[in-house]
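*Asks:* Below is the file entry.cif, with mmCIF, N, CA and C atoms.
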data_entry
#
loop_
_atom_site.label_atom_id
_atom_site.label_comp_id
_atom_site.auth_asym_id
_atom_site.auth_seq_id
_atom_site.Cartn_x
_atom_site.Cartn_y
_atom_site.Cartn_z
N MET A 224 35.23 3.37 -8.56
CA MET A 224 33.84 3.69 -8.78
C MET A 224 33.13 3.82 -7.44
N LYS A 225 32.25 4.79 -7.34
CA LYS A 225 31.55 5.08 -6.11
C LYS A 225 30.45 4.05 -5.86
N GLN A 226 30.37 3.55 -4.62
CA GLN A 226 29.33 2.58 -4.27
C GLN A 226 28.02 3.29 -4.01
N ARG A 227 26.92 2.70 -4.49
CA ARG A 227 25.60 3.27 -4.28
C ARG A 227 25.09 2.93 -2.87
N LYS A 228 24.33 3.83 -2.33
CA LYS A 228 23.72 3.62 -1.02
C LYS A 228 22.55 2.64 -1.15
N VAL A 229 22.50 1.66 -0.26
CA VAL A 229 21.43 0.68 -0.28
C VAL A 229 20.30 1.21 0.60
N PRO A 230 19.07 1.40 0.03
CA PRO A 230 17.98 1.90 0.86
C PRO A 230 17.55 0.87 1.89
N MET A 231 17.41 1.31 3.14
CA MET A 231 17.03 0.43 4.24
C MET A 231 15.63 0.81 4.70
N ARG A 232 14.85 -0.20 5.09
CA ARG A 232 13.51 0.00 5.65
C ARG A 232 13.38 -0.88 6.88
N LYS A 233 12.47 -0.49 7.77
CA LYS A 233 12.28 -1.22 9.02
C LYS A 233 11.03 -2.11 8.92
N CYS A 234 11.18 -3.37 9.29
CA CYS A 234 10.07 -4.30 9.32
C CYS A 234 9.18 -3.96 10.52
N VAL A 235 7.87 -3.89 10.31
CA VAL A 235 6.97 -3.51 11.39
C VAL A 235 6.78 -4.62 12.41
N VAL A 236 7.12 -5.85 12.06
CA VAL A 236 6.96 -6.98 12.97
C VAL A 236 8.21 -7.19 13.81
N THR A 237 9.36 -7.32 13.16
CA THR A 237 10.60 -7.59 13.88
C THR A 237 11.28 -6.34 14.38
N ASN A 238 10.90 -5.18 13.82
CA ASN A 238 11.47 -3.88 14.20
C ASN A 238 12.97 -3.81 13.90
N GLU A 239 13.41 -4.51 12.85
CA GLU A 239 14.81 -4.49 12.42
C GLU A 239 14.88 -3.88 11.03
N ALA A 240 15.99 -3.23 10.73
CA ALA A 240 16.19 -2.62 9.42
C ALA A 240 16.78 -3.65 8.45
N TYR A 241 16.23 -3.69 7.24
CA TYR A 241 16.68 -4.59 6.18
C TYR A 241 16.81 -3.79 4.89
N PRO A 242 17.59 -4.30 3.93
CA PRO A 242 17.57 -3.67 2.61
C PRO A 242 16.16 -3.75 2.03
N LYS A 243 15.75 -2.72 1.33
CA LYS A 243 14.39 -2.61 0.82
C LYS A 243 13.98 -3.80 -0.04
N LYS A 244 14.92 -4.37 -0.79
CA LYS A 244 14.61 -5.49 -1.68
C LYS A 244 14.28 -6.78 -0.94
N GLU A 245 14.63 -6.87 0.34
CA GLU A 245 14.34 -8.07 1.13
C GLU A 245 12.99 -7.98 1.82
N LEU A 246 12.28 -6.90 1.62
CA LEU A 246 11.00 -6.68 2.28
C LEU A 246 9.87 -6.61 1.26
N VAL A 247 8.65 -6.83 1.73
CA VAL A 247 7.47 -6.65 0.90
C VAL A 247 6.67 -5.49 1.52
N ARG A 248 6.16 -4.63 0.65
CA ARG A 248 5.41 -3.45 1.11
C ARG A 248 3.93 -3.74 1.04
N ILE A 249 3.24 -3.44 2.13
CA ILE A 249 1.79 -3.53 2.19
C ILE A 249 1.29 -2.09 2.23
N VAL A 250 0.34 -1.75 1.37
CA VAL A 250 -0.11 -0.36 1.26
C VAL A 250 -1.61 -0.25 1.49
N ARG A 251 -2.02 0.78 2.22
CA ARG A 251 -3.43 1.15 2.34
C ARG A 251 -3.65 2.32 1.39
N THR A 252 -4.46 2.10 0.38
CA THR A 252 -4.69 3.14 -0.62
C THR A 252 -5.57 4.24 -0.05
N THR A 253 -5.72 5.31 -0.81
CA THR A 253 -6.55 6.43 -0.37
C THR A 253 -8.02 6.03 -0.26
N GLU A 254 -8.43 4.99 -0.98
CA GLU A 254 -9.80 4.49 -0.88
C GLU A 254 -10.01 3.60 0.33
N GLY A 255 -8.92 3.21 1.00
CA GLY A 255 -9.01 2.37 2.19
C GLY A 255 -8.76 0.90 1.94
N ALA A 256 -8.48 0.53 0.70
CA ALA A 256 -8.19 -0.87 0.38
C ALA A 256 -6.75 -1.19 0.74
N VAL A 257 -6.52 -2.42 1.21
CA VAL A 257 -5.18 -2.87 1.57
C VAL A 257 -4.69 -3.83 0.49
N GLU A 258 -3.48 -3.58 -0.02
CA GLU A 258 -2.94 -4.37 -1.12
C GLU A 258 -1.47 -4.67 -0.90
N ILE A 259 -1.01 -5.75 -1.54
CA ILE A 259 0.42 -6.04 -1.59
C ILE A 259 1.00 -5.18 -2.71
N ASP A 260 2.12 -4.52 -2.42
CA ASP A 260 2.74 -3.62 -3.39
C ASP A 260 4.12 -4.16 -3.78
N PRO A 261 4.19 -5.04 -4.79
CA PRO A 261 5.49 -5.61 -5.16
C PRO A 261 6.46 -4.58 -5.73
N THR A 262 5.95 -3.50 -6.33
CA THR A 262 6.84 -2.48 -6.90
C THR A 262 7.35 -1.52 -5.84
N GLY A 263 6.59 -1.34 -4.77
CA GLY A 263 6.98 -0.40 -3.72
C GLY A 263 6.71 1.05 -4.09
N LYS A 264 5.87 1.29 -5.09
CA LYS A 264 5.66 2.65 -5.59
C LYS A 264 4.21 3.12 -5.57
N LYS A 265 3.29 2.30 -5.09
CA LYS A 265 1.88 2.70 -5.08
C LYS A 265 1.66 3.82 -4.07
N ASN A 266 0.68 4.66 -4.36
CA ASN A 266 0.33 5.74 -3.45
C ASN A 266 -0.43 5.18 -2.25
N GLY A 267 -0.16 5.76 -1.09
CA GLY A 267 -0.88 5.37 0.12
C GLY A 267 0.07 5.14 1.27
N ARG A 268 -0.50 4.77 2.40
CA ARG A 268 0.25 4.50 3.62
C ARG A 268 0.85 3.12 3.51
N GLY A 269 2.16 3.00 3.73
CA GLY A 269 2.83 1.72 3.56
C GLY A 269 3.43 1.18 4.84
N ALA A 270 3.56 -0.14 4.88
CA ALA A 270 4.24 -0.84 5.96
C ALA A 270 5.04 -1.96 5.33
N TYR A 271 6.21 -2.23 5.88
CA TYR A 271 7.10 -3.24 5.33
C TYR A 271 7.18 -4.46 6.24
N ILE A 272 7.24 -5.64 5.60
CA ILE A 272 7.40 -6.91 6.32
C ILE A 272 8.50 -7.69 5.62
N VAL A 273 9.37 -8.31 6.43
CA VAL A 273 10.44 -9.12 5.87
C VAL A 273 9.82 -10.37 5.23
N MET A 274 10.45 -10.86 4.16
CA MET A 274 9.91 -12.01 3.41
C MET A 274 10.22 -13.32 4.10
N GLU A 275 9.59 -13.53 5.24
CA GLU A 275 9.69 -14.77 6.00
C GLU A 275 8.29 -15.21 6.38
N PRO A 276 7.87 -16.43 6.03
CA PRO A 276 6.52 -16.88 6.37
C PRO A 276 6.23 -16.84 7.87
N ALA A 277 7.22 -17.12 8.70
CA ALA A 277 7.01 -17.10 10.15
C ALA A 277 6.68 -15.69 10.64
N VAL A 278 7.29 -14.68 10.03
CA VAL A 278 7.03 -13.29 10.40
C VAL A 278 5.62 -12.89 9.97
N VAL A 279 5.17 -13.36 8.82
CA VAL A 279 3.82 -13.07 8.36
C VAL A 279 2.80 -13.71 9.30
N GLU A 280 3.07 -14.94 9.75
CA GLU A 280 2.18 -15.60 10.70
C GLU A 280 2.08 -14.82 12.00
N LYS A 281 3.20 -14.30 12.47
CA LYS A 281 3.20 -13.49 13.70
C LYS A 281 2.37 -12.23 13.51
N ALA A 282 2.52 -11.57 12.36
CA ALA A 282 1.74 -10.37 12.06
C ALA A 282 0.25 -10.71 11.99
N TRP A 283 -0.06 -11.88 11.46
CA TRP A 283 -1.45 -12.33 11.34
C TRP A 283 -2.06 -12.57 12.72
N LYS A 284 -1.34 -13.29 13.57
CA LYS A 284 -1.87 -13.62 14.90
C LYS A 284 -2.03 -12.39 15.78
N GLN A 285 -1.10 -11.45 15.69
CA GLN A 285 -1.13 -10.27 16.55
C GLN A 285 -1.78 -9.06 15.89
N HIS A 286 -2.22 -9.19 14.63
CA HIS A 286 -2.86 -8.10 13.87
C HIS A 286 -2.01 -6.84 13.88
N ILE A 287 -0.72 -7.00 13.61
CA ILE A 287 0.22 -5.88 13.62
C ILE A 287 -0.05 -4.93 12.45
N LEU A 288 -0.37 -5.47 11.28
CA LEU A 288 -0.65 -4.61 10.13
C LEU A 288 -1.90 -3.79 10.35
N ASP A 289 -2.88 -4.34 11.05
CA ASP A 289 -4.11 -3.59 11.34
C ASP A 289 -3.78 -2.30 12.09
N ARG A 290 -2.89 -2.42 13.06
CA ARG A 290 -2.53 -1.25 13.87
C ARG A 290 -1.70 -0.25 13.08
N HIS A 291 -0.76 -0.72 12.29
CA HIS A 291 0.11 0.19 11.53
C HIS A 291 -0.63 0.92 10.42
N LEU A 292 -1.54 0.22 9.75
CA LEU A 292 -2.26 0.83 8.65
C LEU A 292 -3.59 1.45 9.09
N LYS A 293 -3.95 1.25 10.35
CA LYS A 293 -5.17 1.82 10.93
C LYS A 293 -6.41 1.44 10.14
N VAL A 294 -6.52 0.14 9.86
CA VAL A 294 -7.67 -0.40 9.14
C VAL A 294 -7.83 -1.86 9.55
N THR A 295 -9.04 -2.39 9.48
CA THR A 295 -9.27 -3.80 9.80
C THR A 295 -8.98 -4.64 8.56
N ILE A 296 -8.12 -5.64 8.73
CA ILE A 296 -7.71 -6.50 7.61
C ILE A 296 -8.27 -7.89 7.85
N ASP A 297 -8.91 -8.47 6.84
CA ASP A 297 -9.50 -9.79 6.99
C ASP A 297 -8.47 -10.90 6.80
N ASP A 298 -8.87 -12.11 7.19
CA ASP A 298 -7.95 -13.25 7.13
C ASP A 298 -7.58 -13.64 5.70
N ASP A 299 -8.46 -13.36 4.73
CA ASP A 299 -8.16 -13.68 3.33
C ASP A 299 -6.92 -12.93 2.84
N PHE A 300 -6.79 -11.67 3.25
CA PHE A 300 -5.62 -10.89 2.85
C PHE A 300 -4.35 -11.47 3.47
N TYR A 301 -4.43 -11.81 4.77
CA TYR A 301 -3.26 -12.39 5.42
C TYR A 301 -2.86 -13.71 4.77
N GLN A 302 -3.84 -14.50 4.35
CA GLN A 302 -3.54 -15.76 3.67
C GLN A 302 -2.87 -15.51 2.33
N SER A 303 -3.36 -14.53 1.57
CA SER A 303 -2.73 -14.22 0.29
C SER A 303 -1.33 -13.64 0.49
N LEU A 304 -1.13 -12.86 1.55
CA LEU A 304 0.20 -12.33 1.87
C LEU A 304 1.15 -13.47 2.22
N TYR A 305 0.67 -14.43 3.02
CA TYR A 305 1.49 -15.58 3.38
C TYR A 305 1.87 -16.37 2.13
N ASP A 306 0.92 -16.61 1.24
CA ASP A 306 1.20 -17.35 0.00
C ASP A 306 2.21 -16.60 -0.86
N TYR A 307 2.06 -15.28 -0.96
CA TYR A 307 2.97 -14.46 -1.76
C TYR A 307 4.39 -14.53 -1.21
N VAL A 308 4.52 -14.38 0.10
CA VAL A 308 5.85 -14.40 0.72
C VAL A 308 6.49 -15.78 0.59
N ASP A 309 5.69 -16.83 0.79
CA ASP A 309 6.20 -18.20 0.66
C ASP A 309 6.68 -18.45 -0.77
N HIS A 310 5.92 -17.99 -1.75
CA HIS A 310 6.30 -18.16 -3.16
C HIS A 310 7.58 -17.37 -3.48
N GLN A 311 7.66 -16.13 -3.02
CA GLN A 311 8.85 -15.30 -3.31
C GLN A 311 10.09 -15.88 -2.65
N LYS A 312 9.95 -16.40 -1.43
CA LYS A 312 11.10 -16.99 -0.75
C LYS A 312 11.58 -18.24 -1.49
N ALA A 313 10.65 -19.08 -1.93
CA ALA A 313 11.03 -20.28 -2.67
C ALA A 313 11.70 -19.91 -3.99
N ARG A 314 11.18 -18.87 -4.63
CA ARG A 314 11.76 -18.40 -5.89
C ARG A 314 13.17 -17.88 -5.69
N LYS A 315 13.38 -17.17 -4.60
CA LYS A 315 14.69 -16.61 -4.30
C LYS A 315 15.71 -17.72 -4.00
N GLU A 316 15.27 -18.79 -3.33
CA GLU A 316 16.18 -19.89 -3.00
C GLU A 316 16.59 -20.66 -4.25
N ILE A 317 15.71 -20.74 -5.23
CA ILE A 317 16.05 -21.44 -6.48
C ILE A 317 17.12 -20.68 -7.24
N LEU A 318 16.98 -19.36 -7.27
CA LEU A 318 17.94 -18.55 -8.00
C LEU A 318 19.15 -18.37 -7.12
#
For the file at hand, write its structure as structure tokens.
*Replies:*
Amino acid sequence: MKQRKVPMRKCVVTNEAYPKKELVRIVRTTEGAVEIDPTGKKNGRGAYIVMEPAVVEKAWKQHILDRHLKVTIDDDFYQSLYDYVDHQKARKEIL
């Protein structure tokens, strides 16, 4: 049986390629709102971050997502992103 190709994406913080399922997509919609995209299918400009709380903290301190998405992102969004990544990582470790 033929093996399927695993889609790879590059993390904007670490600049390393990972399988798409190990990353979380952050999207800037056409209205300019920034959202977490768990499905990876929303319309808009996207950036990927690996699901590691330390990487999210680095992106928060250096405002890396602000530069990639070309929009100002407030601290509340970064906090919700950190909580989401922390929850997903804990969930993944249980399973």
*Asks:* Kindly provide, as lines of an AutoDock Vina configuration file, the centre and edge lengths (Å, one decimal) of an axis-aligned box around all atoms of segment 272-286 of chain A given in the file, with 5 Å on each side.
*Replies:*
center_x = 3.8
center_y = -11.4
center_z = 10.0
size_x = 23.3
size_y = 21.5
size_z = 23.1
*Asks:* Using backbone DSSP assignments, extract all helix (DSSP H, G or I) residues from segment 254-295 of chain A; output them as a list in words.
*Replies:*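 DSSP on the backbone gives helix (DSSP H, G or I) at Pro276, Ala277, Val278, Val279, Glu280, Lys281, Ala282, Trp283, Lys284, Gln285, Ile287, Leu288, Asp289, Arg290, His291 and Leu292 of chain A.
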*Asks:* Enter the distance from atom CA of Arg248 of chain A to atom CA of Gly269 of chain A, in Å, rounded to one decimal.
*Replies:* 6.3 Å
*Asks:* Using atom C of Thr252 of chain A and atom N of Arg268 of chain A as the two end points, give the distance in Å to one decimal.
*Replies:*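 For atom C of Thr252 of chain A relative to atom N of Arg268 of chain A, the distance reads 5.7 Å.
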*Asks:* So that I can see what lies close to segment 293-310 of chain A, please list as number ranges by chain the residues with an atom at most 8 Å from it, counting only N, CA and C atoms and leaving out residues fewer than 5 positions away in the same chain.
*Replies:* A: 247, 255, 257, 259, 273-277, 279-280, 282-283, 286-288, 315-316
*Asks:* Kindly resolve the PyMOL selection byres (((chain A and resi 241-243 and name CA) around 12) and name CA) on the present coordinates and return the residues as number ranges by chain.
*Replies:* A: 228-235, 237-240, 244-248, 261-263, 270-274
*Asks:* Could you pull the residues within 7 Å of Glu258 of chain A, counting only C-alpha atoms, minus those fewer than 5 positions along the same chain, as a PDB file with N, CA and C atoms, in the frame of the given file?
*Replies:*
ATOM      1  N   ILE A 249       3.240  -3.440   2.130  1.00  0.00           N
ATOM      2  CA  ILE A 249       1.790  -3.530   2.190  1.00  0.00           C
ATOM      3  C   ILE A 249       1.290  -2.090   2.230  1.00  0.00           C
ATOM      4  N   VAL A 250       0.340  -1.750   1.370  1.00  0.00           N
ATOM      5  CA  VAL A 250      -0.110  -0.360   1.260  1.00  0.00           C
ATOM      6  C   VAL A 250      -1.610  -0.250   1.490  1.00  0.00           C
ATOM      7  N   ARG A 251      -2.020   0.780   2.220  1.00  0.00           N
ATOM      8  CA  ARG A 251      -3.430   1.150   2.340  1.00  0.00           C
ATOM      9  C   ARG A 251      -3.650   2.320   1.390  1.00  0.00           C
TER      10      ARG A 251
END
*Asks:* Could you tell me how far atom CA of Lys312 of chain A sits from atom C of Glu254 of chain A, in Å to one decimal place?
*Replies:*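 It comes out at 29.5 Å.
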